[in-house]
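Asks: File final-v2.cif below, mmCIF, C-alpha atoms:
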```cif
data_data
loop_
_atom_site.label_atom_id
_atom_site.label_comp_id
_atom_site.auth_asym_id
_atom_site.auth_seq_id
_atom_site.Cartn_x
_atom_site.Cartn_y
_atom_site.Cartn_z
CA MET A 1086 78.81 9.14 -40.14
CA LYS A 1087 78.75 5.47 -41.01
CA PHE A 1088 75.18 5.70 -42.31
CA ILE A 1089 76.19 8.55 -44.61
CA LYS A 1090 79.09 6.44 -45.87
CA TYR A 1091 76.82 3.45 -46.56
CA ALA A 1092 74.13 5.64 -48.12
CA THR A 1093 76.74 7.17 -50.45
CA ILE A 1094 78.07 3.75 -51.45
CA PHE A 1095 74.54 2.52 -52.05
CA LEU A 1096 73.68 5.56 -54.19
CA LEU A 1097 76.83 5.00 -56.24
CA THR A 1098 75.85 1.34 -56.63
CA TYR A 1099 72.36 2.38 -57.67
CA LEU A 1100 73.82 4.85 -60.20
CA ILE A 1101 75.94 2.09 -61.72
CA GLU A 1102 73.01 -0.31 -61.75
CA ALA A 1103 70.64 2.24 -63.29
CA ASN A 1104 72.95 3.52 -66.01
CA PHE A 1105 75.75 1.17 -66.89
CA ILE A 1106 74.31 -2.25 -66.25
CA ASP A 1107 73.18 -2.63 -69.88
CA PHE A 1108 76.79 -2.18 -70.99
CA ILE A 1109 78.05 -5.04 -68.85
CA SER A 1110 75.20 -7.41 -69.57
CA ILE A 1111 76.39 -10.60 -71.24
CA LYS A 1112 73.73 -12.27 -73.39
CA GLY A 1113 71.04 -10.72 -71.23
CA VAL A 1114 72.61 -11.84 -67.95
CA ILE A 1115 73.18 -8.96 -65.53
CA PRO A 1116 74.89 -9.02 -62.15
CA ASP A 1117 73.05 -7.81 -59.04
CA VAL A 1118 75.41 -5.03 -57.95
CA THR A 1119 73.12 -3.87 -55.15
CA LEU A 1120 73.11 -7.37 -53.68
CA VAL A 1121 76.92 -7.40 -53.72
CA PHE A 1122 76.86 -4.20 -51.66
CA LEU A 1123 74.34 -5.71 -49.24
CA ILE A 1124 76.33 -8.94 -48.84
CA PHE A 1125 79.51 -7.04 -47.95
CA LEU A 1126 77.52 -4.88 -45.53
CA SER A 1127 75.95 -7.95 -43.91
CA LEU A 1128 79.37 -9.56 -43.46
CA ARG A 1129 80.56 -6.44 -41.57
CA GLU A 1130 77.58 -5.31 -39.55
CA SER A 1131 75.24 -6.84 -36.99
CA GLN A 1132 72.43 -9.11 -38.15
CA ALA A 1133 69.75 -6.63 -37.11
CA ALA A 1134 71.42 -3.71 -38.91
CA ALA A 1135 71.94 -5.82 -42.04
CA THR A 1136 68.32 -6.98 -42.11
CA VAL A 1137 66.93 -3.45 -41.71
CA THR A 1138 69.35 -2.07 -44.33
CA GLY A 1139 68.35 -4.81 -46.74
CA PHE A 1140 64.70 -3.95 -46.18
CA LEU A 1141 65.22 -0.20 -46.69
CA VAL A 1142 67.38 -0.66 -49.78
CA GLY A 1143 64.73 -2.99 -51.21
CA LEU A 1144 61.99 -0.48 -50.52
CA PHE A 1145 64.03 2.23 -52.24
CA THR A 1146 64.65 -0.02 -55.24
CA ASP A 1147 60.97 -0.96 -55.49
CA LEU A 1148 59.92 2.68 -55.40
CA PHE A 1149 62.51 4.00 -57.84
CA THR A 1150 62.27 1.28 -60.45
CA PHE A 1151 59.29 -0.50 -61.92
CA GLY A 1152 59.27 -2.95 -59.07
CA VAL A 1153 56.47 -4.66 -57.25
CA LEU A 1154 56.36 -2.75 -53.96
CA GLY A 1155 57.56 -5.01 -51.14
CA LEU A 1156 59.20 -7.64 -53.35
CA SER A 1157 62.82 -6.45 -53.22
CA SER A 1158 62.46 -5.48 -49.56
CA LEU A 1159 61.32 -9.02 -48.74
CA SER A 1160 64.08 -10.80 -50.69
CA ASN A 1161 66.75 -8.33 -49.51
CA SER A 1162 65.78 -8.63 -45.80
CA ILE A 1163 65.94 -12.44 -45.89
CA SER A 1164 69.20 -12.45 -47.90
CA CYS A 1165 70.92 -9.99 -45.53
CA PHE A 1166 69.67 -11.90 -42.47
CA LEU A 1167 71.08 -15.17 -43.82
CA THR A 1168 74.37 -13.58 -44.95
CA SER A 1169 74.97 -12.30 -41.42
CA TYR A 1170 75.33 -15.91 -40.22
CA PHE A 1171 78.61 -16.07 -42.15
CA LYS A 1172 80.04 -13.02 -40.43
CA ARG A 1173 83.45 -13.73 -38.90
CA PRO A 1174 85.35 -11.63 -36.39
CA LYS A 1175 87.77 -9.25 -38.09
CA GLY A 1176 86.39 -10.30 -41.45
CA ALA A 1177 88.37 -13.51 -41.69
CA ILE A 1178 86.66 -14.88 -44.78
CA SER A 1179 88.67 -16.55 -47.54
CA ILE A 1180 88.10 -15.89 -51.25
CA TRP A 1181 86.47 -19.31 -51.66
CA GLN A 1182 84.15 -18.79 -48.71
CA LEU A 1183 83.19 -15.38 -50.09
CA ALA A 1184 82.52 -16.83 -53.54
CA ILE A 1185 80.30 -19.57 -52.09
CA ILE A 1186 78.43 -17.10 -49.86
CA VAL A 1187 77.72 -14.69 -52.75
CA PHE A 1188 76.72 -17.54 -55.08
CA VAL A 1189 74.32 -19.15 -52.59
CA ILE A 1190 72.82 -15.87 -51.36
CA THR A 1191 72.27 -14.65 -54.94
CA ILE A 1192 70.41 -17.87 -55.72
CA ILE A 1193 68.26 -17.59 -52.57
CA HIS A 1194 67.58 -13.90 -53.28
CA ASP A 1195 66.65 -14.55 -56.88
CA ARG A 1196 64.47 -17.55 -56.10
CA ILE A 1197 62.42 -15.60 -53.52
CA PHE A 1198 62.11 -12.73 -55.99
CA GLN A 1199 61.16 -14.93 -58.96
CA PHE A 1200 58.79 -17.11 -56.92
CA ILE A 1201 56.63 -14.15 -55.93
CA PHE A 1202 57.13 -12.24 -59.18
CA LEU A 1203 56.01 -15.19 -61.29
CA LEU A 1204 53.04 -16.17 -59.07
CA GLY A 1205 50.00 -16.71 -61.24
CA THR A 1206 51.95 -16.81 -64.51
CA ASN A 1207 52.69 -19.88 -66.57
CA GLN A 1208 56.47 -19.40 -66.39
CA HIS A 1209 58.57 -22.44 -65.50
CA PHE A 1210 60.32 -22.07 -62.16
CA PHE A 1211 62.97 -24.72 -62.97
CA ARG A 1212 63.65 -23.36 -66.46
CA SER A 1213 64.22 -19.83 -65.17
CA PHE A 1214 66.50 -21.31 -62.48
CA ILE A 1215 68.76 -22.92 -65.08
CA TYR A 1216 68.71 -20.18 -67.71
CA PHE A 1217 68.49 -17.11 -65.51
CA THR A 1218 69.37 -17.63 -61.85
CA ILE A 1219 72.53 -19.75 -62.21
CA PRO A 1220 74.21 -17.46 -64.81
CA LYS A 1221 73.19 -14.41 -62.77
CA ALA A 1222 74.64 -15.94 -59.57
CA LEU A 1223 77.91 -16.77 -61.35
CA TYR A 1224 78.18 -13.26 -62.78
CA THR A 1225 77.31 -11.61 -59.46
CA THR A 1226 79.94 -13.79 -57.71
CA THR A 1227 82.56 -12.69 -60.25
CA ILE A 1228 81.67 -9.03 -59.67
CA ALA A 1229 81.85 -9.56 -55.87
CA LEU A 1230 85.31 -11.12 -56.17
CA ILE A 1231 86.52 -8.24 -58.37
CA VAL A 1232 85.13 -5.70 -55.88
CA ASN A 1233 86.78 -7.64 -53.04
CA LEU A 1234 90.10 -7.63 -54.89
CA ILE A 1235 90.02 -3.87 -55.49
CA PHE A 1236 88.53 -2.66 -52.20
CA GLN A 1237 89.78 -5.46 -49.93
CA ARG A 1238 91.28 -3.23 -47.27
CA MET A 1239 88.34 -0.88 -47.13
CA ILE A 1240 85.75 -3.68 -46.97
CA TRP A 1241 87.35 -5.75 -44.24
CA GLN A 1242 88.28 -2.93 -41.88
CA GLN A 1243 86.78 -3.85 -38.55
CA SER A 1244 83.31 -2.45 -38.12
CA ASP A 1245 82.58 -0.19 -35.18
CA PHE A 1246 78.99 -1.35 -34.88
CA MET B 1189 70.65 -15.09 -21.47
CA ASN B 1190 71.79 -11.98 -23.33
CA ARG B 1191 72.48 -14.09 -26.40
CA TYR B 1192 68.91 -15.39 -26.42
CA ILE B 1193 67.50 -11.89 -26.07
CA THR B 1194 69.70 -10.74 -28.96
CA ASN B 1195 68.54 -13.72 -31.04
CA ILE B 1196 64.89 -12.97 -30.30
CA ARG B 1197 65.43 -9.31 -31.20
CA GLU B 1198 67.04 -10.23 -34.54
CA TYR B 1199 64.36 -12.75 -35.45
CA GLY B 1200 61.77 -10.15 -34.45
CA ILE B 1201 63.32 -7.59 -36.77
CA LEU B 1202 63.39 -10.09 -39.64
CA LEU B 1203 59.77 -11.03 -38.98
CA GLY B 1204 58.82 -7.33 -38.92
CA CYS B 1205 60.56 -6.70 -42.25
CA ILE B 1206 58.90 -9.75 -43.81
CA LEU B 1207 55.48 -8.73 -42.50
CA ILE B 1208 55.75 -5.16 -43.80
CA SER B 1209 56.98 -6.46 -47.17
CA LEU B 1210 54.09 -8.91 -47.42
CA ILE B 1211 51.56 -6.24 -46.47
CA LEU B 1212 52.99 -3.98 -49.20
CA LEU B 1213 53.00 -6.88 -51.66
CA PHE B 1214 49.46 -8.04 -51.19
CA SER B 1215 47.66 -4.87 -50.13
CA LYS B 1216 45.46 -3.07 -52.61
CA SER B 1217 46.81 0.05 -54.23
CA THR B 1218 45.56 3.11 -52.31
CA PRO B 1219 45.54 6.73 -53.57
CA GLN B 1220 48.19 7.57 -50.94
CA LEU B 1221 50.46 4.78 -52.17
CA GLU B 1222 49.94 5.86 -55.78
CA ALA B 1223 50.82 9.44 -54.78
CA ILE B 1224 54.07 8.23 -53.18
CA LYS B 1225 54.88 6.20 -56.30
CA ALA B 1226 54.17 9.21 -58.53
CA LYS B 1227 56.46 11.38 -56.39
CA THR B 1228 59.32 8.87 -56.53
CA LEU B 1229 58.76 8.45 -60.26
CA LYS B 1230 59.13 12.22 -60.63
CA MET B 1231 62.39 12.15 -58.64
CA ALA B 1232 63.71 9.20 -60.63
CA GLY B 1233 62.70 11.05 -63.79
CA VAL B 1234 64.69 14.15 -62.84
CA PHE B 1235 67.71 11.98 -62.05
CA HIS B 1236 67.49 10.06 -65.32
CA SER B 1237 66.95 13.30 -67.28
CA LEU B 1238 70.20 14.73 -65.92
CA ASN B 1239 72.07 11.56 -66.62
CA ASN B 1240 70.50 11.16 -70.03
CA SER B 1241 71.35 14.70 -71.15
CA LEU B 1242 75.00 14.16 -70.12
CA SER B 1243 75.33 10.98 -72.13
CA ARG B 1244 73.42 12.53 -75.05
CA HIS B 1245 75.91 15.40 -75.30
CA ALA B 1246 78.72 12.90 -75.48
CA HIS B 1247 77.15 11.24 -78.51
CA VAL B 1248 75.74 14.34 -80.20
CA GLU B 1249 78.11 14.36 -83.20
CA LYS B 1250 77.57 10.71 -83.96
CA THR B 1251 73.81 11.18 -83.60
CA ASN B 1252 73.85 14.19 -85.95
CA GLN B 1253 75.56 12.24 -88.69
CA PHE B 1254 73.18 9.36 -88.24
CA LEU B 1255 70.19 11.72 -88.32
CA ARG B 1256 71.40 13.41 -91.53
CA GLU B 1257 71.62 10.04 -93.23
CA GLN B 1258 68.25 9.03 -91.85
CA ASN B 1259 66.75 12.33 -92.98
CA THR B 1260 67.85 11.84 -96.58
CA ARG B 1261 66.59 8.29 -96.62
CA LEU B 1262 63.29 9.25 -95.01
CA ALA B 1263 62.75 12.16 -97.43
CA LEU B 1264 62.99 9.72 -100.33
CA GLU B 1265 60.80 7.22 -98.54
CA ASN B 1266 58.33 9.97 -97.70
CA SER B 1267 57.69 10.91 -101.30
CA ARG B 1268 57.02 7.26 -102.12
CA MET B 1269 54.74 6.97 -99.09
CA ARG B 1270 52.73 10.05 -100.05
CA ALA B 1271 51.82 8.42 -103.33
CA ALA B 1272 50.93 5.22 -101.50
CA VAL B 1273 48.78 7.08 -98.95
CA LEU B 1274 46.81 8.85 -101.69
CA GLU B 1275 46.21 5.56 -103.43
CA ASN B 1276 45.27 3.95 -100.15
CA GLU B 1277 42.77 6.70 -99.33
CA ARG B 1278 41.10 6.29 -102.69
CA LEU B 1279 40.78 2.56 -102.17
CA ARG B 1280 39.47 2.98 -98.64
CA LYS B 1281 36.72 5.27 -99.84
CA LEU B 1282 35.82 2.79 -102.52
CA ILE B 1283 35.26 -0.16 -100.25
CA ASP B 1284 34.02 1.92 -97.30
CA PHE B 1285 36.43 0.19 -95.02
CA LYS B 1286 35.98 1.28 -91.45
CA THR B 1287 39.17 1.44 -89.48
CA ASP B 1288 39.65 1.82 -85.79
CA TYR B 1289 43.13 3.22 -85.95
CA PRO B 1290 43.86 5.89 -83.37
CA SER B 1291 44.55 9.35 -84.67
CA LYS B 1292 46.12 11.17 -81.74
CA LEU B 1293 49.67 10.14 -80.99
CA ILE B 1294 51.98 11.65 -78.38
CA ALA B 1295 55.72 11.45 -78.99
CA ALA B 1296 57.86 10.86 -75.90
CA ARG B 1297 61.59 10.64 -75.39
CA ILE B 1298 63.02 7.71 -73.44
CA ILE B 1299 65.30 8.82 -70.62
CA GLY B 1300 65.92 5.58 -68.80
CA GLY B 1301 64.83 2.07 -68.10
CA SER B 1302 65.91 -1.51 -68.39
CA THR B 1303 65.72 -3.79 -71.41
CA THR B 1304 67.87 -6.67 -70.28
CA GLY B 1305 66.38 -7.86 -67.00
CA VAL B 1306 63.34 -9.80 -65.94
CA ILE B 1307 61.45 -6.60 -65.26
CA ASN B 1308 61.79 -4.47 -68.38
CA TYR B 1309 60.49 -0.94 -68.50
CA ILE B 1310 61.12 2.45 -70.07
CA LEU B 1311 61.06 5.81 -68.36
CA LEU B 1312 59.60 8.60 -70.51
CA GLU B 1313 60.20 12.33 -70.33
CA SER B 1314 56.50 13.11 -70.78
CA GLY B 1315 53.72 12.65 -68.27
CA GLU B 1316 50.21 13.64 -67.26
CA ASN B 1317 50.82 17.26 -68.30
CA ASP B 1318 51.43 16.05 -71.86
CA GLY B 1319 48.22 14.06 -71.94
CA ILE B 1320 49.66 10.67 -71.07
CA ARG B 1321 47.47 8.42 -68.94
CA ARG B 1322 47.80 4.94 -67.49
CA ASP B 1323 47.13 1.99 -69.83
CA MET B 1324 47.77 3.94 -73.03
CA PRO B 1325 49.48 1.76 -75.66
CA ILE B 1326 53.07 2.56 -76.64
CA VAL B 1327 53.89 1.98 -80.29
CA LEU B 1328 56.42 2.65 -83.02
CA PRO B 1329 56.03 2.41 -86.78
CA ASP B 1330 57.78 -0.97 -86.44
CA GLY B 1331 55.16 -2.28 -84.04
CA LEU B 1332 53.97 -2.59 -80.47
CA VAL B 1333 56.33 -1.51 -77.68
CA GLY B 1334 54.18 -1.83 -74.54
CA LYS B 1335 51.80 0.17 -72.39
CA ILE B 1336 51.93 2.96 -69.83
CA ILE B 1337 51.75 1.68 -66.28
CA ARG B 1338 52.67 4.62 -64.09
CA VAL B 1339 52.27 8.36 -64.60
CA SER B 1340 53.46 11.47 -62.78
CA PRO B 1341 52.82 15.04 -63.98
CA THR B 1342 56.17 15.19 -65.79
CA HIS B 1343 57.22 11.59 -66.38
CA SER B 1344 55.72 8.22 -67.12
CA MET B 1345 56.77 4.61 -67.10
CA GLY B 1346 56.08 2.01 -69.75
CA HIS B 1347 55.79 -1.76 -69.36
CA MET B 1348 57.50 -3.41 -72.32
CA LEU B 1349 56.46 -6.25 -74.62
CA PHE B 1350 59.80 -7.89 -73.73
CA ASP B 1351 58.85 -8.51 -70.10
CA GLN B 1352 57.91 -11.79 -68.47
CA ASN B 1353 54.65 -10.37 -67.13
CA PHE B 1354 53.44 -8.67 -70.30
CA ARG B 1355 50.53 -10.29 -72.14
CA VAL B 1356 48.57 -9.08 -75.14
CA SER B 1357 45.78 -10.66 -77.14
CA ALA B 1358 46.97 -11.13 -80.73
CA LYS B 1359 45.97 -12.72 -84.02
CA VAL B 1360 47.63 -13.97 -87.15
CA GLN B 1361 46.63 -11.38 -89.74
CA ARG B 1362 46.27 -13.82 -92.66
CA SER B 1363 44.09 -16.46 -91.00
CA SER B 1364 42.68 -14.51 -88.00
CA ILE B 1365 43.86 -17.26 -85.62
CA LYS B 1366 43.93 -15.74 -82.15
CA GLY B 1367 46.23 -16.28 -79.19
CA ILE B 1368 48.10 -14.58 -76.38
CA ILE B 1369 51.53 -13.07 -76.95
CA SER B 1370 54.09 -13.32 -74.16
CA TRP B 1371 57.85 -12.92 -73.91
CA GLN B 1372 59.99 -15.93 -73.04
CA GLY B 1373 63.39 -14.25 -72.94
CA GLY B 1374 65.72 -13.43 -75.82
CA GLN B 1375 64.58 -11.54 -78.90
CA THR B 1376 61.39 -13.48 -79.61
CA CYS B 1377 57.88 -13.87 -78.22
CA ILE B 1378 55.54 -16.85 -78.07
CA LEU B 1379 51.98 -16.90 -79.39
CA ASN B 1380 50.22 -19.09 -76.82
CA GLU B 1381 46.83 -20.81 -76.74
CA VAL B 1382 46.72 -21.64 -80.48
CA PRO B 1383 45.32 -25.16 -81.05
CA ASN B 1384 47.42 -27.72 -82.95
CA ARG B 1385 47.02 -27.81 -86.73
CA SER B 1386 45.81 -24.19 -86.87
CA ASP B 1387 46.50 -22.27 -90.05
CA VAL B 1388 49.73 -20.53 -89.02
CA LYS B 1389 52.85 -20.46 -91.19
CA PRO B 1390 56.31 -18.93 -90.86
CA GLY B 1391 56.26 -15.44 -92.33
CA ASP B 1392 52.70 -14.66 -91.17
CA ARG B 1393 52.23 -11.24 -89.64
CA VAL B 1394 50.96 -11.12 -86.04
CA VAL B 1395 48.94 -8.11 -84.94
CA THR B 1396 46.88 -7.12 -81.88
CA SER B 1397 43.46 -8.73 -81.99
CA GLY B 1398 41.48 -5.83 -80.60
CA TYR B 1399 40.10 -8.07 -77.82
CA SER B 1400 41.28 -5.53 -75.30
CA GLN B 1401 40.24 -2.19 -73.90
CA ILE B 1402 43.87 -1.10 -74.07
CA PHE B 1403 45.26 -2.09 -77.46
CA PRO B 1404 43.40 -1.24 -80.65
CA GLU B 1405 43.15 -3.88 -83.36
CA GLY B 1406 45.83 -4.22 -85.97
CA ILE B 1407 48.98 -2.98 -84.25
CA TYR B 1408 51.83 -4.97 -85.73
CA ILE B 1409 53.65 -7.16 -83.18
CA GLY B 1410 55.98 -9.32 -85.26
CA THR B 1411 56.36 -12.06 -87.83
CA VAL B 1412 55.94 -15.79 -87.23
CA GLU B 1413 59.38 -17.36 -87.24
CA LYS B 1414 58.46 -20.92 -86.33
CA ALA B 1415 55.10 -22.69 -86.09
CA GLU B 1416 55.16 -26.28 -84.89
CA ASN B 1417 52.46 -28.75 -83.86
CA THR B 1418 53.15 -30.56 -80.59
CA LYS B 1419 52.39 -34.09 -79.51
CA ARG B 1420 52.49 -33.48 -75.78
CA SER B 1421 50.01 -30.61 -75.60
CA LEU B 1422 47.02 -29.32 -77.49
CA SER B 1423 48.66 -26.03 -78.43
CA MET B 1424 51.12 -25.16 -81.18
CA ILE B 1425 54.50 -23.67 -80.41
CA ILE B 1426 54.59 -20.41 -82.36
CA THR B 1427 57.65 -18.18 -82.15
CA VAL B 1428 57.11 -14.56 -83.15
CA ARG B 1429 59.97 -12.17 -83.87
CA PRO B 1430 59.20 -8.46 -83.38
CA GLU B 1431 61.00 -6.00 -85.65
CA ILE B 1432 61.67 -3.48 -82.91
CA ASP B 1433 65.16 -3.45 -81.46
CA PHE B 1434 64.25 -2.85 -77.81
CA ASP B 1435 67.86 -2.12 -76.87
CA ARG B 1436 68.02 0.87 -79.22
CA LEU B 1437 64.76 2.64 -78.43
CA GLU B 1438 65.12 6.42 -78.25
CA GLU B 1439 61.62 7.79 -78.76
CA VAL B 1440 58.19 6.20 -78.72
CA LEU B 1441 54.64 7.14 -79.65
CA ILE B 1442 51.71 6.85 -77.28
CA ILE B 1443 48.20 6.30 -78.58
CA ALA B 1444 46.21 8.90 -76.69
CA ASP B 1445 42.65 8.61 -77.85
CA ARG B 1446 41.67 5.09 -76.94
CA GLN B 1447 38.71 4.43 -74.69
CA PRO B 1448 39.55 4.27 -70.99
CA SER B 1449 40.63 0.84 -69.81
CA ILE B 1450 38.57 -1.54 -67.73
CA THR B 1451 40.72 -0.71 -64.71
CA ASN B 1452 40.02 2.98 -65.07
CA LEU B 1453 36.30 2.39 -65.54
CA ASP B 1454 36.27 0.30 -62.39
CA GLN B 1455 37.96 3.10 -60.48
#
```
Could I get this file's structure written as structure tokens?
Replies:
Amino acid sequence: MKFIKYATIFLLTYLIEANFIDFISIKGVIPDVTLVFLIFLSLRESQAAATVTGFLVGLFTDLFTFGVLGLSSLSNSISCFLTSYFKRPKGAISIWQLAIIVFVITIIHDRIFQFIFLLGTNQHFFRSFIYFTIPKALYTTTIALIVNLIFQRMIWQQSDF
Amino acid sequence: MNRYITNIREYGILLGCILISLILLFSKSTPQLEAIKAKTLKMAGVFHSLNNSLSRHAHVEKTNQFLREQNTRLALENSRMRAAVLENERLRKLIDFKTDYPSKLIAARIIGGSTTGVINYILLESGENDGIRRDMPIVLPDGLVGKIIRVSPTHSMGHMLFDQNFRVSAKVQRSSIKGIISWQGGQTCILNEVPNRSDVKPGDRVVTSGYSQIFPEGIYIGTVEKAENTKRSLSMIITVRPEIDFDRLEEVLIIADRQPSITNLDQ
């Protein structure tokens, strides 16, 4: 039952990401909605479940978009694994802690992604960090806080994993 | 003890996920993998088609008005163009100018994609059944759009000029100075590998050089916006602005009668 619930939420997230993301892009900066979903999932579920979910979601994303197969699954698995370290019993995470977690994990996720994606090209790693990763992390954090504000009760219900 | 076992299990799972991801990342593309990709592309295509038709219906009235205006403008433009084409043909015959422009073009409707991320692509409602093959160039009258990178029987996917991993050999039409076009973010591209003090000026047209098995020579890419010599490196910094508005693409044309690409020949 829980898997169906998560799969449905993920598909909704994917729908939003695939169709409406261009409308909410600000000067080319887009939030990673799927990562927000994965972070909340990782803060609720066990580390193993979060890692596997991150991997599967990444594989799905790579297959259904013009992705490099294995790239999203790699960055998602590591991000979910790391996020799980911040899991607290009964979801006792403050707004500030959540903001920092999302910000840091988005940066880690994006850096892994960009590092492999830009291998062999002459793109500047530091430049893309300043102009792309930081704004993206800030935007993704904002989205996560908005989602947390709206769905707070639903998100932090104790998991039965 | 239990805690250690749990820790080992979790690290093991992470290691497994990383290993599988790395194998997928660095393994060569097999026919089976390509078949899976084609199948998922087909599914994604069906999903985007549904979604696209819904949003299209919502904007149909606005689109109709726009198309009527466009139609009137194009009809006027067309009559002027006809005269120009006739004149052009006469001149071509006179100087026996041999062109390598492709003649067969396939029109395809865009049903999805991304134009604002790092990975930018378009999903097209035409595929193998319509004659589209991998590595075919995607163009518009305003210039180069990209190339086809994935094909299923009913849908195809295009890699866009505005993508960090897209490269195309190009030249400045006036002086024939050659370089490599790449996107650096925003609405402009960079013409790389052009030595300092080369004959490049703002306003010069940049076209494909023809040094490619994929792109024919002379496809318009954009106009030079800035051309500066640098002291730190041997190359000029040349900013090129394409005329295509990649955020508003609706339909594209695919050049269908180019020679097969090097990749296909290798296969």
Asks: Got a sec: who's within 9 Å of segment 1095-1097 of chain A, counting only C-alpha atoms, leaving out chain neighbours fewer than 6 positions off, as number ranges by chain?
Replies: A: 1119, 1122-1123, 1142
Asks: Mind writing the picked residues with C-alpha atoms as a tab-separated table (two decimals), in the coordinates of the input?
Replies:
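See part06.tsv below for the written result:
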```
chain	number	residue	atom	x	y	z
A	1119	THR	CA	73.12	-3.87	-55.15
A	1122	PHE	CA	76.86	-4.20	-51.66
A	1123	LEU	CA	74.34	-5.71	-49.24
A	1142	VAL	CA	67.38	-0.66	-49.78
```
Asks: Which of these, B:Phe1350, B:Glu1381, B:Val1395, B:Lys1389, has the shortest distance to Lys1414 of chain B once you count all atoms listed in the file?
Replies: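 Selected residue with least distance to Lys1414 of chain B: B:Lys1389.
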Asks: Which residues, protein or nucleic acid, reach to within 10 Å of (68.8, -8.3, -41.9) in the file's coordinates when using only C-alpha atoms, and can you give that as a ChimeraX atom specification?
Replies: /A:1123,1127,1130-1140,1161-1169 /B:1198-1199,1201-1203,1205
Asks: Identify the residues around (85.4, -12.6, -56.5) within a radius of 9 Å, measuring from all atoms listed in the file in the coordinates stated by the file, and give them as a list of chain:residue names.
Replies: A:Ile1180, A:Trp1181, A:Leu1183, A:Ala1184, A:Val1187, A:Thr1225, A:Thr1226, A:Thr1227, A:Ile1228, A:Ala1229, A:Leu1230, A:Ile1231, A:Val1232, A:Asn1233, A:Leu1234
Asks: Identify all residues satisfying the PyMOL selection byres ((chain B and resi 1353-1359) around 6) in the given file; provide them as a list in words.
Replies: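 Evaluating the PyMOL selection byres ((chain B and resi 1353-1359) around 6) on these coordinates yields Leu1349, Asp1351, Gln1352, Val1360, Gln1361, Ser1364, Ile1365, Lys1366, Gly1367, Ile1368, Ile1369, Ser1370, Val1394, Val1395, Thr1396 and Ser1397 of chain B.
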Asks: Run the PyMOL selection byres ((chain B) within 9 of (chain A)) mentally over the shown coordinates, then write out the matched residues as JSON, numbers by chain, using the chain letters and numbers from the document.
Replies: {"B": [1197, 1198, 1199, 1201, 1202, 1205, 1206, 1207, 1208, 1209, 1210, 1211, 1212, 1213, 1214, 1224, 1225, 1228, 1229, 1231, 1232, 1236, 1239, 1240, 1300, 1301, 1302, 1303, 1304, 1305, 1306, 1307, 1308, 1309, 1310, 1337, 1338, 1345, 1346, 1347, 1352, 1353, 1372, 1373, 1374, 1435]}
Asks: For the provided coordinates, the residues matched by the PyMOL selection byres ((chain B and resi 1410) around 12) should be stated as a PyMOL selection string.
Replies: chain B and resi 1329-1333+1349+1358-1361+1369-1370+1375-1379+1390-1396+1406-1409+1411-1414+1426-1433
Asks: Closest to Asp1318 of chain B among B:Arg1436, B:Lys1230, B:Gly1398, B:Ala1444, using only C-alpha atoms?
Replies: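 Nearest candidate to Asp1318 of chain B out of B:Arg1436, B:Lys1230, B:Gly1398, B:Ala1444: B:Ala1444.
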Asks: What is the distance between atom CA of Leu1312 of chain B and atom CA of Lys1250 of chain B, in Å to one decimal?
Replies: 22.5 Å
